[in-house]
file entry_10.txt (compact mmCIF, C-alpha atoms)
# COMPACT_ATOMS: atom_id res chain seq x y z
CA MET A 1 -25.25 6.03 20.91
CA GLU A 2 -24.97 3.86 24.02
CA ARG A 3 -21.99 4.80 26.16
CA ASN A 4 -19.89 2.81 28.61
CA GLU A 5 -20.39 4.58 31.95
CA LEU A 6 -18.39 2.16 34.10
CA TYR A 7 -15.77 3.74 36.36
CA PRO A 8 -12.40 1.93 36.08
CA ILE A 9 -10.28 1.52 39.20
CA PHE A 10 -7.21 -0.57 40.04
CA LEU A 11 -7.66 -2.43 43.33
CA LYS A 12 -4.89 -3.57 45.69
CA LEU A 13 -6.38 -7.02 46.25
CA HIS A 14 -3.66 -8.00 48.72
CA ASN A 15 -5.16 -5.33 51.03
CA LEU A 16 -8.77 -6.44 50.54
CA ASN A 17 -10.82 -9.50 51.50
CA VAL A 18 -12.34 -11.20 48.46
CA LEU A 19 -14.88 -14.03 48.54
CA ILE A 20 -15.56 -16.34 45.61
CA VAL A 21 -18.60 -18.60 45.95
CA GLY A 22 -18.26 -21.58 43.62
CA GLY A 23 -15.56 -24.15 42.99
CA GLY A 24 -16.38 -25.30 39.44
CA ASN A 25 -15.18 -24.27 36.01
CA VAL A 26 -16.38 -20.68 36.31
CA GLY A 27 -14.88 -20.36 39.78
CA LEU A 28 -11.57 -21.61 38.38
CA GLU A 29 -11.81 -19.09 35.53
CA LYS A 30 -12.55 -16.17 37.87
CA LEU A 31 -9.79 -17.10 40.31
CA SER A 32 -7.25 -17.69 37.53
CA PHE A 33 -8.05 -14.31 36.00
CA MET A 34 -7.71 -12.60 39.35
CA LEU A 35 -4.43 -14.27 40.29
CA LYS A 36 -2.90 -13.65 36.88
CA SER A 37 -3.28 -9.94 37.49
CA SER A 38 -2.87 -9.95 41.30
CA PRO A 39 -0.90 -13.06 42.35
CA ASN A 40 -1.00 -12.06 46.03
CA ALA A 41 -4.73 -11.39 46.15
CA ASN A 42 -6.34 -12.18 49.50
CA VAL A 43 -9.12 -14.59 48.48
CA GLU A 44 -11.31 -17.23 50.08
CA VAL A 45 -13.11 -19.68 47.79
CA VAL A 46 -16.18 -21.40 49.25
CA ALA A 47 -17.88 -24.48 47.78
CA PRO A 48 -19.00 -28.01 48.78
CA LYS A 49 -16.32 -29.37 46.40
CA PHE A 50 -13.61 -28.05 44.11
CA LEU A 51 -12.18 -28.94 40.73
CA PRO A 52 -8.74 -30.56 41.03
CA GLU A 53 -7.38 -27.79 38.76
CA LEU A 54 -8.65 -25.14 41.16
CA GLU A 55 -7.08 -26.92 44.11
CA ALA A 56 -3.78 -27.15 42.22
CA LEU A 57 -3.92 -23.42 41.47
CA VAL A 58 -4.53 -22.56 45.12
CA GLU A 59 -1.51 -24.62 46.20
CA LYS A 60 0.68 -22.14 44.30
CA HIS A 61 -0.86 -19.11 46.04
CA PRO A 62 -0.56 -19.00 49.86
CA SER A 63 -2.85 -15.95 50.03
CA VAL A 64 -5.81 -18.02 48.77
CA LYS A 65 -7.88 -20.19 51.10
CA LEU A 66 -10.33 -22.97 50.25
CA THR A 67 -13.34 -23.61 52.49
CA THR A 68 -15.26 -26.82 51.79
CA ARG A 69 -18.76 -25.77 52.84
CA LYS A 70 -22.00 -24.56 51.38
CA PHE A 71 -22.44 -20.79 51.29
CA ASN A 72 -23.75 -19.17 54.45
CA ARG A 73 -24.53 -15.51 55.05
CA TRP A 74 -21.92 -15.22 57.81
CA MET A 75 -19.25 -15.79 55.16
CA LEU A 76 -19.87 -12.22 53.99
CA ARG A 77 -18.51 -10.73 57.20
CA LYS A 78 -15.44 -8.52 56.78
CA ARG A 79 -15.46 -8.76 52.96
CA HIS A 80 -14.83 -6.02 50.46
CA MET A 81 -15.93 -7.69 47.25
CA VAL A 82 -17.71 -10.91 46.28
CA ILE A 83 -17.99 -13.10 43.19
CA ALA A 84 -20.71 -15.76 42.97
CA CYS A 85 -20.36 -18.38 40.24
CA THR A 86 -22.18 -21.51 41.37
CA ASP A 87 -24.37 -23.55 39.01
CA ASP A 88 -27.39 -22.77 41.22
CA LEU A 89 -29.10 -19.54 40.18
CA LYS A 90 -30.98 -19.33 43.49
CA VAL A 91 -27.72 -19.43 45.46
CA ASN A 92 -26.18 -16.78 43.22
CA LYS A 93 -29.22 -14.51 43.60
CA ARG A 94 -29.18 -14.98 47.37
CA VAL A 95 -25.52 -13.99 47.48
CA PHE A 96 -26.30 -10.86 45.48
CA ASP A 97 -29.26 -9.89 47.69
CA LEU A 98 -27.23 -10.37 50.86
CA CYS A 99 -24.36 -8.33 49.44
CA ARG A 100 -26.75 -5.54 48.52
CA LYS A 101 -27.98 -5.34 52.12
CA ARG A 102 -24.38 -5.12 53.35
CA TYR A 103 -23.23 -2.57 50.73
CA LEU A 104 -20.73 -5.08 49.32
CA ILE A 105 -19.82 -4.90 45.66
CA CYS A 106 -20.74 -8.15 43.97
CA ASN A 107 -20.34 -9.90 40.62
CA ILE A 108 -22.72 -12.71 39.64
CA ALA A 109 -21.07 -14.60 36.80
CA ASP A 110 -22.78 -14.32 33.41
CA THR A 111 -25.61 -12.23 34.88
CA PRO A 112 -24.95 -8.54 34.01
CA PRO A 113 -28.03 -7.17 35.85
CA LEU A 114 -26.62 -8.70 39.06
CA CYS A 115 -23.15 -7.21 38.74
CA ASP A 116 -21.76 -4.13 40.46
CA TYR A 117 -18.55 -4.58 38.47
CA TYR A 118 -17.21 -6.57 35.53
CA LEU A 119 -13.91 -8.38 35.12
CA GLY A 120 -12.57 -7.05 31.81
CA GLY A 121 -9.55 -7.80 29.68
CA ILE A 122 -6.19 -6.82 31.16
CA VAL A 123 -2.85 -6.12 29.53
CA THR A 124 0.22 -6.03 31.80
CA LYS A 125 3.74 -4.99 30.84
CA GLY A 126 5.75 -4.51 34.02
CA ASN A 127 4.31 -1.47 35.82
CA VAL A 128 2.03 -0.65 32.90
CA LYS A 129 -1.47 -2.09 33.09
CA ILE A 130 -4.41 -1.48 30.76
CA ALA A 131 -7.96 -2.61 31.57
CA ILE A 132 -10.45 -3.18 28.75
CA SER A 133 -14.23 -3.18 29.10
CA THR A 134 -17.03 -3.73 26.60
CA ASN A 135 -19.66 -2.83 29.20
CA GLY A 136 -20.42 -6.52 29.69
CA LYS A 137 -21.54 -6.83 26.06
CA SER A 138 -18.77 -8.88 24.48
CA PRO A 139 -16.02 -10.62 26.50
CA THR A 140 -14.66 -11.98 23.20
CA THR A 141 -14.05 -8.45 21.91
CA ALA A 142 -12.26 -7.58 25.16
CA LYS A 143 -10.10 -10.67 24.69
CA ARG A 144 -9.16 -9.71 21.12
CA LEU A 145 -8.36 -6.15 22.16
CA ARG A 146 -6.18 -7.51 24.94
CA GLU A 147 -4.27 -9.64 22.44
CA PHE A 148 -3.91 -6.63 20.14
CA PHE A 149 -2.45 -4.39 22.85
CA GLU A 150 -0.18 -7.15 24.14
CA GLU A 151 1.32 -7.32 20.66
CA ILE A 152 1.73 -3.62 19.87
CA ILE A 153 2.91 -2.36 23.28
CA PRO A 154 6.67 -3.02 23.46
CA ASP A 155 8.07 -5.06 26.32
CA ASP A 156 10.58 -2.32 27.12
CA ILE A 157 7.84 0.19 27.95
CA ASN A 158 8.40 -0.70 31.60
CA LYS A 159 11.98 0.60 31.42
CA MET A 160 10.68 3.89 30.03
CA VAL A 161 8.22 4.17 32.94
CA GLU A 162 10.96 3.47 35.47
CA ASN A 163 13.28 6.02 33.84
CA LEU A 164 10.56 8.67 33.88
CA ASN A 165 9.85 7.90 37.52
CA GLU A 166 13.48 8.43 38.43
CA TYR A 167 13.59 11.65 36.41
CA ARG A 168 10.42 12.93 38.09
CA LYS A 169 12.13 12.59 41.48
CA THR A 170 14.85 15.03 40.38
CA LEU A 171 12.45 17.78 39.27
CA LYS A 172 12.31 21.02 41.24
CA GLY A 173 9.36 23.36 41.67
CA ASN A 174 5.75 22.97 42.72
CA PHE A 175 3.34 20.24 41.66
CA GLU A 176 1.99 22.13 38.64
CA GLU A 177 5.48 22.87 37.35
CA LYS A 178 6.47 19.21 37.66
CA VAL A 179 3.32 18.07 35.84
CA GLN A 180 3.98 20.56 33.04
CA LYS A 181 7.56 19.33 32.64
CA MET A 182 6.50 15.67 32.55
CA ASN A 183 3.80 16.51 30.01
CA GLU A 184 6.40 18.16 27.78
CA ILE A 185 8.72 15.16 27.97
CA THR A 186 6.00 12.62 27.17
CA GLU A 187 4.27 14.69 24.47
CA THR A 188 6.12 12.84 21.69
CA LEU A 189 4.57 9.54 22.77
CA LYS A 190 1.26 10.59 21.24
CA ASN A 191 2.80 10.63 17.77
CA LYS A 192 5.31 7.82 18.19
CA GLU A 193 4.88 4.41 16.65
CA LEU A 194 4.48 2.17 19.66
CA LYS A 195 6.69 -0.52 18.17
CA GLU A 196 9.71 1.79 18.25
CA PRO A 197 11.99 1.42 21.31
CA LEU A 198 10.84 3.59 24.20
CA SER A 199 13.51 2.92 26.79
CA ASN A 200 15.77 5.76 25.63
CA GLU A 201 13.13 8.50 25.99
call {"tool": "encode", "arguments": {"input": "entry_10.txt", "output": "structure tokens"}}
result
Amino acid sequence: MERNELYPIFLKLHNLNVLIVGGGNVGLEKLSFMLKSSPNANVEVVAPKFLPELEALVEKHPSVKLTTRKFNRWMLRKRHMVIACTDDLKVNKRVFDLCRKRYLICNIADTPPLCDYYLGGIVTKGNVKIAISTNGKSPTTAKRLREFFEEIIPDDINKMVENLNEYRKTLKGNFEEKVQKMNEITETLKNKELKEPLSNE
């Protein structure tokens, strides 16, 4: 059976330099998705022109910059990750090839073979965040799973996380002893109906 071998990580996008090449509908979708999860992401969007909706979105996020120019290789300087989503396949492929030479991770929209990473479904409840991937096979399935988890994970799970964090600070002993104690406290979560209140744990 085919297996998803992607390695999930959670990036601090306010500490990184992100470039999005493309100011159309797909560029708007990628930027919206990114800012929904990381509203202070440090992003520059490059394109000859932009959708009015994209410009309106950027006005609400001071950490995002618009550059009205065609893509040029020098725009890849001092970047950490790149997304290319223009309607010109040659431009997208050029972006990918240039990123590969510079060891930059790159995502070419709707072109899985030219992606070092995928943008999956994300569920956020306070400090709790779950990322969902279908290995690039079915974004619709990821969307439905996101909706499912958003419904079954209670809103007060964030209070439980904060309470456990405060309790962890009071624990004595070495690292292994603290981990063991936290494991014992949270063991019941495996068998608990998620829709029951969690804030009193």
call {"tool": "atom_distance", "arguments": {"input": "entry_10.txt", "atom1": "CA of Met1 (chain A)", "atom2": "CA of Asn107 (chain A)"}}
result
25.8 Å
call {"tool": "closest_residue", "arguments": {"input": "entry_10.txt", "among": "A:Glu177, A:Glu5, A:Asp110, A:Glu44", "to": "Leu19 (chain A)", "atoms": "only C-alpha atoms"}}
result
A:Glu44
call {"tool": "residues_around", "arguments": {"input": "entry_10.txt", "residues": "region 73-89 of chain A", "least_positions_apart": "2", "cutoff": "7 Å", "atoms": "all atoms listed in the file", "output": "list in words"}}
result
Leu16, Asn17, Val18, Leu19, Ile20, Val21, Gly22, Val26, Gly27, Phe71, Val91, Asn92, Lys93, Val95, Leu104, Ile105, Cys106, Asn107, Ile108 and Ala109 of chain A
call {"tool": "axis_aligned_box", "arguments": {"input": "entry_10.txt", "around": "region 165-177 of chain A", "padding_each_side": "4 Å", "output": "AutoDock Vina command-line options"}}
result
--center_x 8.4 --center_y 15.6 --center_z 39.6 --size_x 20.9 --size_y 23.5 --size_z 14.3
call {"tool": "closest_residue", "arguments": {"input": "entry_10.txt", "among": "A:Met160, A:Ile122, A:Ala142, A:Cys115", "to": "Cys99 (chain A)", "atoms": "all atoms listed in the file"}}
result
A:Cys115
call {"tool": "closest_residue", "arguments": {"input": "entry_10.txt", "among": "A:Phe148, A:Tyr167, A:Tyr118, A:Tyr103", "to": "Lys30 (chain A)", "atoms": "all atoms listed in the file"}}
result
A:Tyr118
call {"tool": "closest_residue", "arguments": {"input": "entry_10.txt", "among": "A:Leu171, A:Leu31, A:Leu6, A:Ala41", "to": "Leu54 (chain A)", "atoms": "all atoms listed in the file"}}
result
A:Leu31
call {"tool": "atom_distance", "arguments": {"input": "entry_10.txt", "atom1": "CA of Asn42 (chain A)", "atom2": "CA of Val64 (chain A)"}}
result
5.9 Å
call {"tool": "atom_distance", "arguments": {"input": "entry_10.txt", "atom1": "CA of Gly120 (chain A)", "atom2": "CA of Ser133 (chain A)"}}
result
5.0 Å
call {"tool": "residues_around", "arguments": {"input": "entry_10.txt", "residues": "Thr141 (chain A)", "least_positions_apart": "5", "cutoff": "10 Å", "atoms": "all atoms listed in the file", "output": "PyMOL selection string"}}
result
chain A and resi 121+132-134+146-147
call {"tool": "closest_residue", "arguments": {"input": "entry_10.txt", "among": "A:Ala56, A:Ile185, A:Val128, A:Leu119", "to": "Leu164 (chain A)", "atoms": "all atoms listed in the file"}}
result
A:Ile185
call {"tool": "closest_residue", "arguments": {"input": "entry_10.txt", "among": "A:Leu57, A:Lys172, A:Leu66, A:Arg94", "to": "Phe33 (chain A)", "atoms": "all atoms listed in the file"}}
result
A:Leu57
call {"tool": "residues_around", "arguments": {"input": "entry_10.txt", "residues": "Lys129 (chain A)", "least_positions_apart": "5", "cutoff": "10 Å", "atoms": "only C-alpha atoms", "output": "list in words"}}
result
Phe10, Ser37, Ile122, Val123 and Thr124 of chain A
call {"tool": "write_last_selection", "arguments": {"input": "entry_10.txt", "atoms": "C-alpha atoms", "output": "short mmCIF file (atom, residue, chain, number, x, y, z; two decimals), in the frame of the given file"}}
result
data_model
loop_
_atom_site.label_atom_id
_atom_site.label_comp_id
_atom_site.auth_asym_id
_atom_site.auth_seq_id
_atom_site.Cartn_x
_atom_site.Cartn_y
_atom_site.Cartn_z
CA PHE A 10 -7.21 -0.57 40.04
CA SER A 37 -3.28 -9.94 37.49
CA ILE A 122 -6.19 -6.82 31.16
CA VAL A 123 -2.85 -6.12 29.53
CA THR A 124 0.22 -6.03 31.80
#
call {"tool": "residues_around", "arguments": {"input": "entry_10.txt", "residues": "Pro62 (chain A)", "least_positions_apart": "3", "cutoff": "10 Å", "atoms": "all atoms listed in the file", "output": "number ranges by chain"}}
result
A: 39-43, 58-59, 65
